[in-house]
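Below: run_33.txt (compact mmCIF, C-alpha atoms and all ligand atoms)
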```
# COMPACT_ATOMS: atom_id res chain seq x y z
CA MET A 1 -12.55 -22.06 -5.94
CA ASN A 2 -14.85 -19.21 -5.02
CA THR A 3 -18.37 -20.13 -5.95
CA GLN A 4 -21.53 -18.11 -5.82
CA LYS A 5 -22.67 -19.68 -2.55
CA ASP A 6 -19.50 -18.54 -0.74
CA TRP A 7 -20.46 -14.88 -1.09
CA LYS A 8 -23.40 -14.17 1.12
CA ILE A 9 -22.76 -10.54 1.92
CA LYS A 10 -23.96 -8.33 -0.91
CA MET A 11 -22.37 -4.92 -1.13
CA ARG A 12 -22.78 -1.67 -3.03
CA VAL A 13 -19.53 -1.38 -4.95
CA LEU A 14 -18.24 1.65 -6.83
CA VAL A 15 -15.98 0.60 -9.70
CA THR A 16 -13.72 3.33 -11.07
CA GLY A 17 -12.55 2.57 -14.61
CA GLY A 18 -15.24 -0.11 -14.91
CA ALA A 19 -15.69 0.45 -18.66
CA GLY A 20 -12.10 -0.67 -19.27
CA TYR A 21 -10.63 -4.11 -19.86
CA ILE A 22 -10.19 -5.50 -16.34
CA GLY A 23 -12.97 -3.34 -14.87
CA SER A 24 -15.66 -4.66 -17.23
CA HIS A 25 -14.77 -8.29 -16.47
CA THR A 26 -14.81 -7.54 -12.75
CA CYS A 27 -18.26 -5.94 -13.08
CA VAL A 28 -19.53 -9.21 -14.57
CA GLU A 29 -18.24 -11.21 -11.63
CA LEU A 30 -19.51 -8.67 -9.07
CA LEU A 31 -23.01 -8.78 -10.59
CA ASN A 32 -22.89 -12.58 -10.88
CA VAL A 33 -22.54 -12.90 -7.11
CA GLY A 34 -25.22 -10.33 -6.39
CA HIS A 35 -23.31 -7.14 -5.56
CA GLU A 36 -24.75 -3.80 -6.69
CA VAL A 37 -22.42 -1.97 -9.06
CA PHE A 38 -21.91 1.68 -9.97
CA VAL A 39 -19.26 2.52 -12.59
CA VAL A 40 -17.50 5.86 -12.90
CA ASP A 41 -15.34 6.15 -16.01
CA ASN A 42 -14.38 9.09 -18.25
CA LEU A 43 -14.13 6.72 -21.26
CA CYS A 44 -10.64 7.96 -22.19
CA ASN A 45 -9.79 4.28 -22.77
CA GLY A 46 -13.06 2.56 -21.92
CA HIS A 47 -16.20 1.72 -23.85
CA GLU A 48 -19.80 2.35 -22.86
CA ALA A 49 -20.67 -0.57 -25.15
CA ALA A 50 -18.70 -2.84 -22.82
CA LEU A 51 -21.07 -1.90 -19.98
CA GLU A 52 -24.10 -2.68 -22.13
CA ARG A 53 -22.56 -6.08 -22.82
CA VAL A 54 -21.92 -6.61 -19.11
CA ARG A 55 -25.65 -6.05 -18.57
CA GLY A 56 -26.39 -8.56 -21.34
CA ILE A 57 -24.03 -11.24 -20.00
CA THR A 58 -25.31 -10.98 -16.42
CA ASN A 59 -28.91 -9.99 -17.10
CA ARG A 60 -28.45 -7.44 -14.33
CA GLU A 61 -28.51 -3.65 -14.19
CA LEU A 62 -25.53 -1.48 -13.33
CA GLN A 63 -25.32 2.27 -12.98
CA PHE A 64 -22.85 4.43 -14.87
CA THR A 65 -21.64 8.03 -14.76
CA ASN A 66 -19.28 9.42 -17.37
CA ALA A 67 -16.94 11.46 -15.16
CA ASP A 68 -13.30 11.94 -14.31
CA ILE A 69 -12.24 10.73 -10.87
CA ARG A 70 -10.56 14.11 -10.38
CA ASP A 71 -13.99 15.76 -10.51
CA ALA A 72 -14.77 16.12 -6.79
CA ASN A 73 -18.39 17.21 -7.34
CA ALA A 74 -19.15 14.23 -9.55
CA LEU A 75 -17.67 11.88 -6.96
CA ASP A 76 -19.59 13.52 -4.08
CA ASN A 77 -22.81 13.07 -6.02
CA ILE A 78 -22.13 9.37 -6.50
CA PHE A 79 -21.15 8.84 -2.85
CA ASN A 80 -24.23 10.75 -1.62
CA THR A 81 -26.70 8.87 -3.80
CA PHE A 82 -25.27 5.36 -4.31
CA LYS A 83 -23.58 5.23 -0.87
CA PRO A 84 -20.97 2.63 -1.82
CA GLU A 85 -19.65 0.32 0.90
CA ALA A 86 -16.49 -0.44 -1.09
CA VAL A 87 -14.56 0.96 -4.02
CA ILE A 88 -12.60 -1.04 -6.59
CA HIS A 89 -10.20 1.42 -8.14
CA PHE A 90 -9.09 0.63 -11.71
CA ALA A 91 -9.24 4.12 -13.25
CA GLY A 92 -5.89 5.36 -14.47
CA LEU A 93 -3.44 5.51 -17.31
CA LYS A 94 -1.25 2.49 -18.00
CA ALA A 95 1.06 3.00 -21.00
CA VAL A 96 4.66 2.77 -19.80
CA GLY A 97 6.13 4.57 -22.83
CA GLU A 98 3.66 7.43 -22.57
CA SER A 99 4.48 7.77 -18.86
CA VAL A 100 8.15 8.28 -19.73
CA ALA A 101 7.27 10.90 -22.37
CA ASN A 102 4.66 12.66 -20.25
CA PRO A 103 5.30 11.89 -16.57
CA LEU A 104 3.31 14.83 -15.20
CA LYS A 105 0.16 13.57 -16.90
CA TYR A 106 0.66 10.22 -15.16
CA TYR A 107 1.26 11.76 -11.73
CA GLU A 108 -1.73 14.05 -12.25
CA VAL A 109 -4.20 11.39 -13.41
CA ASN A 110 -3.04 8.36 -11.44
CA VAL A 111 -1.83 9.93 -8.19
CA GLY A 112 -4.05 13.04 -8.32
CA GLY A 113 -7.08 10.94 -9.27
CA SER A 114 -6.47 8.50 -6.41
CA ILE A 115 -6.15 11.34 -3.87
CA SER A 116 -9.40 12.83 -5.15
CA LEU A 117 -11.09 9.44 -4.79
CA LEU A 118 -9.76 8.84 -1.27
CA SER A 119 -10.88 12.36 -0.26
CA ALA A 120 -14.41 11.63 -1.46
CA MET A 121 -14.33 8.29 0.38
CA SER A 122 -13.18 10.00 3.59
CA LYS A 123 -15.97 12.57 3.35
CA ALA A 124 -18.60 9.89 2.77
CA GLU A 125 -17.07 7.53 5.36
CA CYS A 126 -16.63 4.82 2.78
CA ASN A 127 -13.85 2.75 4.33
CA ASN A 128 -12.88 -0.03 1.93
CA ILE A 129 -10.72 0.34 -1.18
CA VAL A 130 -9.24 -2.29 -3.48
CA PHE A 131 -6.53 -0.91 -5.73
CA SER A 132 -5.11 -2.13 -9.08
CA SER A 133 -1.37 -2.10 -8.69
CA SER A 134 1.18 -3.90 -10.80
CA ALA A 135 4.15 -6.26 -10.62
CA THR A 136 6.07 -3.42 -12.22
CA VAL A 137 6.52 -1.92 -8.72
CA TYR A 138 9.15 -4.61 -7.99
CA GLY A 139 11.58 -3.51 -10.70
CA LYS A 140 14.61 -5.64 -11.54
CA PRO A 141 14.26 -9.01 -9.77
CA LYS A 142 16.62 -9.68 -6.87
CA TYR A 143 15.11 -13.18 -6.75
CA LEU A 144 12.24 -15.00 -8.43
CA PRO A 145 9.39 -15.61 -8.13
CA TYR A 146 8.55 -12.21 -6.69
CA ASP A 147 6.79 -12.43 -3.34
CA GLU A 148 5.24 -9.42 -1.62
CA GLU A 149 8.39 -8.94 0.50
CA HIS A 150 10.54 -8.38 -2.58
CA PRO A 151 12.00 -4.85 -2.51
CA THR A 152 10.18 -2.31 -4.66
CA ASN A 153 12.06 -0.21 -7.17
CA PRO A 154 9.90 0.73 -10.18
CA VAL A 155 11.92 1.80 -13.19
CA ASN A 156 9.45 4.11 -14.96
CA PRO A 157 6.95 6.85 -14.01
CA TYR A 158 3.94 4.54 -14.50
CA GLY A 159 5.36 2.10 -11.94
CA ARG A 160 6.26 4.94 -9.60
CA THR A 161 2.66 6.22 -9.66
CA LYS A 162 1.50 2.74 -8.63
CA LEU A 163 3.91 2.58 -5.71
CA MET A 164 3.02 6.10 -4.61
CA ILE A 165 -0.68 5.26 -4.60
CA GLU A 166 -0.01 2.07 -2.60
CA ASN A 167 1.78 4.18 0.03
CA ILE A 168 -0.95 6.84 0.05
CA ILE A 169 -3.59 4.15 0.62
CA HIS A 170 -1.47 2.66 3.42
CA ASP A 171 -1.24 6.07 5.14
CA TRP A 172 -4.98 6.61 4.62
CA THR A 173 -5.83 3.33 6.37
CA LYS A 174 -3.72 4.30 9.40
CA VAL A 175 -5.92 7.31 10.18
CA ASP A 176 -9.02 5.34 11.13
CA LEU A 177 -9.31 1.75 12.38
CA LYS A 178 -12.42 1.21 10.26
CA ARG A 179 -10.47 1.79 7.04
CA LYS A 180 -9.28 -1.06 4.88
CA GLY A 181 -6.99 -1.00 1.82
CA THR A 182 -6.17 -3.98 -0.36
CA VAL A 183 -3.50 -3.60 -3.01
CA LEU A 184 -3.52 -6.19 -5.77
CA ARG A 185 -0.29 -6.38 -7.75
CA TYR A 186 -1.31 -7.81 -11.10
CA PHE A 187 1.09 -9.74 -13.28
CA ASN A 188 0.13 -9.96 -17.00
CA PRO A 189 -3.66 -9.91 -17.44
CA VAL A 190 -4.83 -11.58 -20.66
CA GLY A 191 -7.85 -13.44 -22.05
CA ALA A 192 -11.48 -12.46 -22.30
CA HIS A 193 -14.91 -13.43 -21.01
CA GLU A 194 -15.83 -16.83 -22.41
CA SER A 195 -19.02 -15.44 -23.98
CA GLY A 196 -16.76 -13.56 -26.42
CA GLN A 197 -18.76 -10.41 -25.60
CA ILE A 198 -16.11 -8.44 -23.72
CA GLY A 199 -12.34 -8.42 -24.03
CA GLU A 200 -9.28 -6.24 -24.43
CA GLU A 201 -9.50 -3.56 -27.11
CA PRO A 202 -6.32 -1.46 -27.16
CA ILE A 203 -6.47 1.80 -29.08
CA GLY A 204 -3.99 1.86 -32.00
CA ILE A 205 -1.04 -0.49 -32.22
CA PRO A 206 -1.01 -2.85 -29.22
CA ASN A 207 1.98 -2.50 -26.88
CA ASN A 208 1.36 -5.85 -25.23
CA LEU A 209 2.07 -9.28 -26.58
CA MET A 210 -1.30 -11.05 -26.38
CA PRO A 211 -3.43 -8.48 -28.24
CA TYR A 212 -0.67 -8.20 -30.83
CA ILE A 213 -0.62 -11.96 -31.45
CA ALA A 214 -4.42 -11.96 -31.73
CA GLN A 215 -4.38 -9.10 -34.24
CA VAL A 216 -1.86 -10.97 -36.40
CA ALA A 217 -4.11 -14.03 -36.25
CA ASP A 218 -7.22 -12.06 -37.23
CA GLY A 219 -5.38 -10.36 -40.09
CA ARG A 220 -5.21 -6.84 -38.67
CA ARG A 221 -1.39 -6.98 -38.42
CA GLU A 222 0.98 -8.56 -40.85
CA HIS A 223 3.47 -10.10 -38.43
CA LEU A 224 4.56 -10.13 -34.79
CA ASN A 225 7.83 -8.50 -33.80
CA ILE A 226 9.53 -10.63 -31.16
CA PHE A 227 11.72 -8.41 -29.01
CA GLY A 228 14.84 -10.45 -28.29
CA ASN A 229 15.71 -14.12 -28.66
CA ASP A 230 18.89 -14.13 -26.60
CA TYR A 231 17.47 -13.99 -23.07
CA GLU A 232 18.39 -16.62 -20.53
CA THR A 233 15.07 -18.39 -20.82
CA ALA A 234 14.09 -21.81 -22.18
CA ASP A 235 13.97 -20.60 -25.79
CA GLY A 236 15.66 -17.19 -25.56
CA THR A 237 12.44 -15.13 -25.68
CA GLY A 238 11.02 -13.09 -22.81
CA ALA A 239 8.89 -14.89 -20.22
CA ARG A 240 5.94 -13.51 -18.24
CA ASP A 241 3.26 -14.65 -15.83
CA TYR A 242 -0.01 -14.52 -17.81
CA ILE A 243 -3.15 -14.46 -15.68
CA HIS A 244 -6.64 -14.94 -17.14
CA VAL A 245 -8.69 -11.77 -16.66
CA ILE A 246 -11.55 -13.78 -15.10
CA ASP A 247 -9.21 -15.28 -12.49
CA LEU A 248 -8.04 -11.73 -11.85
CA ALA A 249 -11.64 -10.46 -11.61
CA LEU A 250 -12.45 -13.21 -9.11
CA ALA A 251 -9.52 -12.11 -6.94
CA HIS A 252 -11.28 -8.74 -6.54
CA ILE A 253 -14.48 -10.44 -5.46
CA GLY A 254 -12.37 -12.38 -2.98
CA THR A 255 -11.06 -9.22 -1.33
CA LEU A 256 -14.49 -7.84 -0.45
CA ASN A 257 -15.78 -10.22 2.20
CA GLN A 258 -12.60 -11.68 3.62
CA ASN A 259 -11.98 -11.19 7.30
CA LYS A 260 -8.57 -12.86 7.00
CA LEU A 261 -7.23 -9.78 5.25
CA ASP A 262 -5.33 -7.22 7.31
CA ARG A 263 -6.46 -3.60 7.30
CA PHE A 264 -3.75 -2.91 4.74
CA GLU A 265 -2.81 -5.83 2.58
CA VAL A 266 -0.62 -6.29 -0.49
CA LEU A 267 -1.26 -9.38 -2.61
CA ASN A 268 0.34 -10.71 -5.78
CA ILE A 269 -2.20 -11.80 -8.36
CA GLY A 270 -0.53 -14.03 -10.92
CA ALA A 271 -0.63 -17.60 -12.18
CA GLY A 272 2.67 -18.48 -10.49
CA LYS A 273 4.45 -19.63 -13.62
CA SER A 274 6.01 -18.05 -16.65
CA THR A 275 5.40 -18.58 -20.36
CA THR A 276 7.78 -17.44 -23.10
CA VAL A 277 6.79 -15.45 -26.19
CA LEU A 278 7.34 -18.51 -28.40
CA GLU A 279 5.30 -20.76 -26.11
CA LEU A 280 2.39 -18.32 -26.20
CA VAL A 281 2.61 -17.93 -29.99
CA SER A 282 2.69 -21.68 -30.46
CA LYS A 283 -0.38 -22.25 -28.22
CA PHE A 284 -2.26 -19.48 -30.03
CA GLU A 285 -1.46 -21.06 -33.42
CA GLU A 286 -2.71 -24.42 -32.16
CA ILE A 287 -6.00 -22.97 -30.85
CA SER A 288 -6.72 -20.63 -33.76
CA GLY A 289 -5.38 -22.85 -36.53
CA VAL A 290 -3.75 -19.72 -37.96
CA PRO A 291 0.04 -19.52 -38.44
CA ILE A 292 1.44 -16.40 -36.71
CA LYS A 293 4.15 -14.81 -38.85
CA SER A 294 6.93 -13.33 -36.74
CA LYS A 295 10.27 -11.55 -37.00
CA TYR A 296 13.01 -11.21 -34.42
CA LEU A 297 13.96 -7.69 -33.39
CA PRO A 298 16.47 -6.56 -30.78
CA ARG A 299 15.41 -6.51 -27.13
CA ARG A 300 12.89 -3.82 -26.20
CA ASP A 301 14.36 -1.08 -24.02
CA GLY A 302 13.83 -1.66 -20.32
CA ASP A 303 12.45 -5.20 -20.74
CA LEU A 304 13.21 -7.86 -18.16
CA ALA A 305 14.10 -11.38 -19.30
CA ALA A 306 11.58 -13.18 -17.12
CA PHE A 307 9.44 -12.75 -14.06
CA TRP A 308 6.57 -14.48 -12.37
CA ALA A 309 4.60 -14.35 -9.16
CA ASN A 310 4.52 -16.25 -5.96
CA PRO A 311 0.73 -15.93 -5.50
CA SER A 312 0.52 -18.12 -2.36
CA LYS A 313 -0.37 -15.25 -0.02
CA ALA A 314 -3.51 -14.47 -2.05
CA SER A 315 -4.41 -18.16 -2.03
CA GLU A 316 -3.98 -18.43 1.74
CA LYS A 317 -5.82 -15.25 2.62
CA MET A 318 -8.70 -15.40 0.13
CA SER A 319 -9.19 -19.08 -0.82
CA TRP A 320 -8.44 -17.85 -4.32
CA LYS A 321 -6.41 -19.59 -6.93
CA PRO A 322 -5.97 -19.11 -10.66
CA GLU A 323 -7.81 -21.85 -12.53
CA ARG A 324 -7.58 -20.92 -16.21
CA ASN A 325 -4.47 -22.08 -18.09
CA ILE A 326 -2.72 -20.77 -21.22
CA LYS A 327 -4.93 -22.93 -23.47
CA LYS A 328 -8.10 -21.39 -21.99
CA ILE A 329 -6.52 -17.93 -22.26
CA CYS A 330 -5.87 -18.45 -25.99
CA GLU A 331 -9.34 -19.96 -26.61
CA ASP A 332 -11.14 -17.05 -24.93
CA THR A 333 -8.95 -14.39 -26.56
CA TRP A 334 -9.50 -15.94 -29.98
CA ARG A 335 -13.29 -16.16 -29.52
CA TRP A 336 -13.41 -12.46 -28.54
CA HIS A 337 -11.37 -11.51 -31.62
CA LYS A 338 -13.37 -13.67 -34.02
CA LEU A 339 -16.70 -12.29 -32.82
CA ASN A 340 -15.50 -8.65 -32.67
CA SER A 341 -13.20 -8.03 -35.60
CA THR A 342 -13.42 -4.28 -34.96
CA GLY A 343 -13.63 -4.45 -31.18
CA TYR A 344 -16.44 -2.33 -29.75
CA GLU A 345 -16.28 -0.02 -32.76
CA GLY A 346 -19.54 1.15 -34.27
CA GLU A 347 -21.52 0.80 -31.02
P1 LIG B 401 -8.07 0.19 -19.21
O1 LIG B 401 -7.41 1.38 -19.80
O2 LIG B 401 -8.78 -0.74 -20.11
O3 LIG B 401 -9.08 0.65 -18.05
C1 LIG B 401 -8.89 1.81 -17.30
C2 LIG B 401 -10.20 2.59 -17.34
O4 LIG B 401 -10.06 3.77 -16.56
C3 LIG B 401 -10.59 3.01 -18.75
O5 LIG B 401 -11.92 2.62 -19.01
C4 LIG B 401 -10.45 4.54 -18.73
O6 LIG B 401 -11.40 5.16 -19.57
C5 LIG B 401 -10.67 4.85 -17.26
N1 LIG B 401 -10.01 6.06 -16.80
C6 LIG B 401 -8.72 6.44 -16.98
N2 LIG B 401 -8.49 7.63 -16.38
C7 LIG B 401 -9.64 7.99 -15.79
C8 LIG B 401 -10.03 9.11 -15.00
N3 LIG B 401 -9.16 10.09 -14.72
N4 LIG B 401 -11.30 9.18 -14.55
C9 LIG B 401 -12.18 8.19 -14.83
N5 LIG B 401 -11.87 7.11 -15.58
C10 LIG B 401 -10.61 7.01 -16.04
O7 LIG B 401 -6.94 -0.59 -18.38
P2 LIG B 401 -6.99 -2.02 -17.69
O8 LIG B 401 -6.04 -2.88 -18.41
O9 LIG B 401 -8.37 -2.46 -17.48
O10 LIG B 401 -6.31 -1.65 -16.30
C11 LIG B 401 -7.07 -1.30 -15.16
C12 LIG B 401 -6.12 -0.96 -14.03
O11 LIG B 401 -5.25 -2.06 -13.79
C13 LIG B 401 -5.22 0.25 -14.32
O12 LIG B 401 -5.10 0.99 -13.12
C14 LIG B 401 -3.90 -0.38 -14.69
O13 LIG B 401 -2.81 0.46 -14.39
C15 LIG B 401 -3.90 -1.62 -13.81
N6 LIG B 401 -3.04 -2.68 -14.35
C16 LIG B 401 -3.26 -3.13 -15.63
C17 LIG B 401 -2.42 -4.11 -16.16
C18 LIG B 401 -2.60 -4.59 -17.58
O14 LIG B 401 -1.67 -5.18 -18.14
N7 LIG B 401 -3.77 -4.43 -18.21
C19 LIG B 401 -1.37 -4.64 -15.38
C20 LIG B 401 -1.20 -4.17 -14.08
C21 LIG B 401 -2.04 -3.19 -13.57
N1 LIG B 402 6.74 -8.77 -26.70
C1 LIG B 402 7.12 -9.06 -28.00
N2 LIG B 402 6.47 -8.41 -29.02
C2 LIG B 402 5.45 -7.52 -28.81
C3 LIG B 402 5.07 -7.24 -27.48
C4 LIG B 402 5.75 -7.88 -26.44
O1 LIG B 402 8.03 -9.85 -28.23
O2 LIG B 402 4.91 -6.96 -29.77
C5 LIG B 402 7.41 -9.48 -25.58
C6 LIG B 402 8.07 -8.56 -24.57
O3 LIG B 402 9.41 -8.29 -24.96
C7 LIG B 402 7.98 -9.38 -23.29
C8 LIG B 402 6.67 -10.18 -23.47
O4 LIG B 402 6.40 -10.17 -24.87
O5 LIG B 402 9.02 -10.33 -23.22
C9 LIG B 402 5.48 -9.56 -22.74
O6 LIG B 402 5.38 -8.19 -23.11
P1 LIG B 402 4.14 -7.28 -22.66
O7 LIG B 402 4.39 -5.92 -23.18
O8 LIG B 402 2.87 -7.96 -23.04
O9 LIG B 402 4.21 -7.32 -21.06
P2 LIG B 402 5.28 -6.61 -20.06
O10 LIG B 402 6.62 -6.63 -20.74
O11 LIG B 402 4.76 -5.25 -19.81
O12 LIG B 402 5.26 -7.48 -18.85
```

Let's see the structure in the file written out as C-alpha cells.
Ligand code: NAD
Ligand code: UDP
Amino acid sequence: MNTQKDWKIKMRVLVTGGAGYIGSHTCVELLNVGHEVFVVDNLCNGHEAALERVRGITNRELQFTNADIRDANALDNIFNTFKPEAVIHFAGLKAVGESVANPLKYYEVNVGGSISLLSAMSKAECNNIVFSSSATVYGKPKYLPYDEEHPTNPVNPYGRTKLMIENIIHDWTKVDLKRKGTVLRYFNPVGAHESGQIGEEPIGIPNNLMPYIAQVADGRREHLNIFGNDYETADGTGARDYIHVIDLALAHIGTLNQNKLDRFEVLNIGAGKSTTVLELVSKFEEISGVPIKSKYLPRRDGDLAAFWANPSKASEKMSWKPERNIKKICEDTWRWHKLNSTGYEGE
C-alpha cells in the first residue's frame, strides 16, 4: 500500500476538473502527501463547496480558478504563475447518452479541451500528464478480464473521445523525450471519502447504479429499475468492476513519482473482480438497514453483460493495489448520503 512516507518528492500539480467527483477525492490524497494543488474547473458539473470541504478534510490550502480548459489565456496565466510540474486531467463531459445525442459537444469539450491543455503544457514546458480514460474504450469484450492489450473499439462518442485523447497524448509524448503521459483506464468508480464530506452528486436523475441505489435508500427515489435479469451472470443481472474512489485517487498519486512507468503508459484501474446489480443492492441493504425496492426492466440499450479489469500492470508498475471492498464502498457511500441529503446544495 502507498503510505505517506513513500512519497518524498513534492510536486506542484494542476488538477483539471478538480471540483468534480473523482477530482475532489484526488485533491484530498494529493494534499495529504504534501503536493501543492491548483484546480481549474468551469463548474459545469463540479462544486466549489467540494473544494472548501477538501480544504477542511486536509487542513491544507489549494488554489482554484473558475475557467474552461478551452480558454487558452486562462490556462497560460495558471502555467505562468503556478508553474505546475504535472497535470492530472479530469475535466470533461461523461454522459454516454448525451454524447450520442450531441456528439459535437463531446468532441469539442473533451478532445478540443485536451488539445488546448496540451498546447498550454507545451508552451510552458510542463511535461507530465495523467489522463482519466475509461474501460469503455475496450468495447465489446473479446476476452475477460480486459488487460491493456485488449483491442479497443469504443461503441459511443464518449468512448471515442477518450480513445482519441489517449492517442493525442501518445503522439505528444513522442515529440520530446522529457514528456510523459500516463493514461488510467478507470472501471466503475464508486464510494466516497470516509469523512462523509465529499462524494458523488449527479445532477438530476442518476444514470449510474450506485448513486441510484443510494437515492432509493435515502428516500429521494421510489424504486430502482434493474435493467435486465437474463444476462449470463451468476444471478442474471449485469456485472461490473466497482472501484472505491479513494483507491482510484491513490492510483493517481502513484503515477506521479514512479520511475518504473514508461514515457507513455496505459494502466487499467479496477478492483479486478465483478459484482452484479443484485449483489450490490443486497450489500447496500445490509449496510444501510434500508430495503431497496426494485423492478425489473428490459436490458438497457448498449449495455454489456459483464466486464472487469486485470489491474496487475498497475500493481506491478506502481506498487498500487485496490484495498477497499464492496462493504467499505457501501458504508462510505451511505455515510455521504446520510450526512448530505441534498448533496452540496445550498452552499
Ligand atoms: P465529474 O463530472 O464529477 O468531474 C468532471 C469535472 O470537470 C467537473 O467538475 C466539471 O465541472 C469539470 N469540467 C467539465 N468540462 C470542463 C471544461 N471544459 N473546463 C473546465 N472544467 C470542466 O466527473 P468524474 O466522475 O469526476 O470524472 C472525471 C473524469 O474521469 C472524466 O474525464 C470522466 O470522463 C472520467 N471517467 C469517469 C468515470 C465515472 O464513472 N465517474 C469512469 C471513467 C472515466
Ligand atoms: N443499472 C441498473 N439500473 C440503473 C443503473 C444501472 O440496473 O438504474 C445496471 C446496468 O445495466 C449495469 C450496471 O447496473 O449492468 C452498472 O451500470 P452503470 O451505469 O453504473 O455503469 P456502466 O454500465 O456505465 O458500466

Applying 12 Å and only C-alpha atoms, which residues near Ala72 in chain A remain after dropping the ones on its own chain fewer than 6 positions away? List them as a VMD selection string. chain A and resid 78 to 79 112 to 121 123

Closest atom pairs, residues of chain A within 10 Å of ligand LIG 402 (chain B), only C-alpha atoms and all ligand atoms, as CSV:
```
residue,atom,partner,partner_atom,distance
A:Lys94,CA,B:LIG402,O11,10.0
A:Ala95,CA,B:LIG402,O11,9.1
A:Val96,CA,B:LIG402,O11,8.0
A:Ser134,CA,B:LIG402,O12,9.7
A:Ala135,CA,B:LIG402,O12,8.4
A:Thr136,CA,B:LIG402,O12,7.8
A:Phe187,CA,B:LIG402,O12,7.3
A:Asn188,CA,B:LIG402,O12,6.0
A:Pro189,CA,B:LIG402,O8,8.8
A:Val190,CA,B:LIG402,O8,8.8
A:Ile205,CA,B:LIG402,O2,9.1
A:Pro206,CA,B:LIG402,O2,7.2
A:Asn207,CA,B:LIG402,O7,5.6
A:Asn208,CA,B:LIG402,O8,3.4
A:Leu209,CA,B:LIG402,C3,3.7
A:Met210,CA,B:LIG402,O8,6.2
A:Pro211,CA,B:LIG402,O8,8.2
A:Tyr212,CA,B:LIG402,O2,5.8
A:Ile213,CA,B:LIG402,O2,7.6
A:His223,CA,B:LIG402,O2,9.3
A:Leu224,CA,B:LIG402,O2,5.9
A:Asn225,CA,B:LIG402,N2,5.0
A:Ile226,CA,B:LIG402,O1,3.4
A:Phe227,CA,B:LIG402,O1,4.0
A:Gly228,CA,B:LIG402,O3,6.7
A:Asn229,CA,B:LIG402,O1,8.8
A:Tyr231,CA,B:LIG402,O5,9.2
A:Gly236,CA,B:LIG402,O5,9.8
A:Thr237,CA,B:LIG402,O5,6.4
A:Gly238,CA,B:LIG402,O5,3.4
A:Ala239,CA,B:LIG402,O5,5.5
A:Arg240,CA,B:LIG402,C9,6.0
A:Asp241,CA,B:LIG402,O12,8.0
A:Tyr242,CA,B:LIG402,O12,8.9
A:Thr275,CA,B:LIG402,C8,9.0
A:Thr276,CA,B:LIG402,O5,7.2
A:Val277,CA,B:LIG402,O4,5.5
A:Leu278,CA,B:LIG402,O1,8.7
A:Leu280,CA,B:LIG402,O4,9.2
A:Val281,CA,B:LIG402,O1,9.9
A:Ser294,CA,B:LIG402,N2,9.2
A:Lys295,CA,B:LIG402,O1,9.2
A:Tyr296,CA,B:LIG402,O1,8.1
A:Leu297,CA,B:LIG402,O1,8.2
A:Pro298,CA,B:LIG402,O3,9.3
A:Arg299,CA,B:LIG402,O3,6.6
A:Arg300,CA,B:LIG402,O3,5.8
A:Asp301,CA,B:LIG402,O3,8.8
A:Gly302,CA,B:LIG402,O10,8.8
A:Asp303,CA,B:LIG402,O10,6.0
A:Leu304,CA,B:LIG402,O5,7.0
A:Ala305,CA,B:LIG402,O5,6.5
A:Ala306,CA,B:LIG402,O5,7.2
A:Phe307,CA,B:LIG402,O12,8.3
A:Trp308,CA,B:LIG402,O12,9.6
```

I want to know what sits within 10 Å of Gln63 in chain A, based on only C-alpha atoms, with residues of the same chain fewer than 4 positions away left out; could you give that as a count of residues only? 8

Per-residue nearest contacts chain A to ligand LIG 401 (chain B), cut-off 9 Å, using all atoms listed in the file, as a Markdown table:
```
| residue | atom | partner | partner_atom | distance |
| --- | --- | --- | --- | --- |
| A:Thr16 | CA | B:LIG401 | N5 | 6.2 |
| A:Gly17 | CA | B:LIG401 | O4 | 3.4 |
| A:Gly18 | CA | B:LIG401 | O5 | 5.9 |
| A:Ala19 | CA | B:LIG401 | O5 | 4.4 |
| A:Gly20 | CA | B:LIG401 | O5 | 3.3 |
| A:Tyr21 | CA | B:LIG401 | O9 | 3.7 |
| A:Ile22 | CA | B:LIG401 | O9 | 3.7 |
| A:Gly23 | CA | B:LIG401 | O9 | 5.4 |
| A:Ser24 | CA | B:LIG401 | O9 | 7.6 |
| A:His25 | CA | B:LIG401 | O9 | 8.7 |
| A:Val40 | CA | B:LIG401 | C9 | 6.1 |
| A:Asp41 | CA | B:LIG401 | N5 | 3.6 |
| A:Asn42 | CA | B:LIG401 | C9 | 4.2 |
| A:Leu43 | CA | B:LIG401 | O6 | 3.6 |
| A:Cys44 | CA | B:LIG401 | O6 | 3.9 |
| A:Asn45 | CA | B:LIG401 | O6 | 3.7 |
| A:Gly46 | CA | B:LIG401 | O5 | 3.1 |
| A:His47 | CA | B:LIG401 | O5 | 6.5 |
| A:Glu48 | CA | B:LIG401 | O5 | 8.8 |
| A:Asn66 | CA | B:LIG401 | C9 | 7.6 |
| A:Ala67 | CA | B:LIG401 | C9 | 5.8 |
| A:Asp68 | CA | B:LIG401 | N4 | 3.4 |
| A:Ile69 | CA | B:LIG401 | N4 | 4.1 |
| A:Arg70 | CA | B:LIG401 | N3 | 6.1 |
| A:Asp71 | CA | B:LIG401 | N4 | 8.2 |
| A:His89 | CA | B:LIG401 | O12 | 7.1 |
| A:Phe90 | CA | B:LIG401 | C12 | 4.1 |
| A:Ala91 | CA | B:LIG401 | O4 | 3.4 |
| A:Gly92 | CA | B:LIG401 | C6 | 3.9 |
| A:Leu93 | CA | B:LIG401 | C6 | 5.4 |
| A:Lys94 | CA | B:LIG401 | O13 | 4.4 |
| A:Ala95 | CA | B:LIG401 | O13 | 8.1 |
| A:Glu108 | CA | B:LIG401 | N3 | 8.8 |
| A:Val109 | CA | B:LIG401 | N3 | 5.3 |
| A:Asn110 | CA | B:LIG401 | N3 | 7.2 |
| A:Gly112 | CA | B:LIG401 | N3 | 8.7 |
| A:Gly113 | CA | B:LIG401 | N3 | 5.9 |
| A:Ser114 | CA | B:LIG401 | N3 | 8.9 |
| A:Phe131 | CA | B:LIG401 | O12 | 7.8 |
| A:Ser132 | CA | B:LIG401 | O11 | 4.7 |
| A:Ser133 | CA | B:LIG401 | C21 | 5.0 |
| A:Ser134 | CA | B:LIG401 | C20 | 4.1 |
| A:Ala135 | CA | B:LIG401 | C20 | 6.7 |
| A:Thr136 | CA | B:LIG401 | C20 | 7.5 |
| A:Tyr158 | CA | B:LIG401 | O13 | 7.9 |
| A:Gly159 | CA | B:LIG401 | O13 | 8.7 |
| A:Lys162 | CA | B:LIG401 | O13 | 7.5 |
| A:Leu184 | CA | B:LIG401 | C21 | 8.5 |
| A:Arg185 | CA | B:LIG401 | C20 | 6.8 |
| A:Tyr186 | CA | B:LIG401 | C20 | 4.7 |
| A:Phe187 | CA | B:LIG401 | C19 | 6.0 |
| A:Asn188 | CA | B:LIG401 | O14 | 5.2 |
| A:Pro189 | CA | B:LIG401 | O14 | 5.2 |
| A:Val190 | CA | B:LIG401 | O14 | 7.6 |
| A:Glu200 | CA | B:LIG401 | O2 | 7.0 |
| A:Glu201 | CA | B:LIG401 | O2 | 7.6 |
| A:Pro202 | CA | B:LIG401 | O2 | 7.5 |
| A:Asn208 | CA | B:LIG401 | O14 | 7.7 |
| A:Val245 | CA | B:LIG401 | N7 | 9.0 |
```
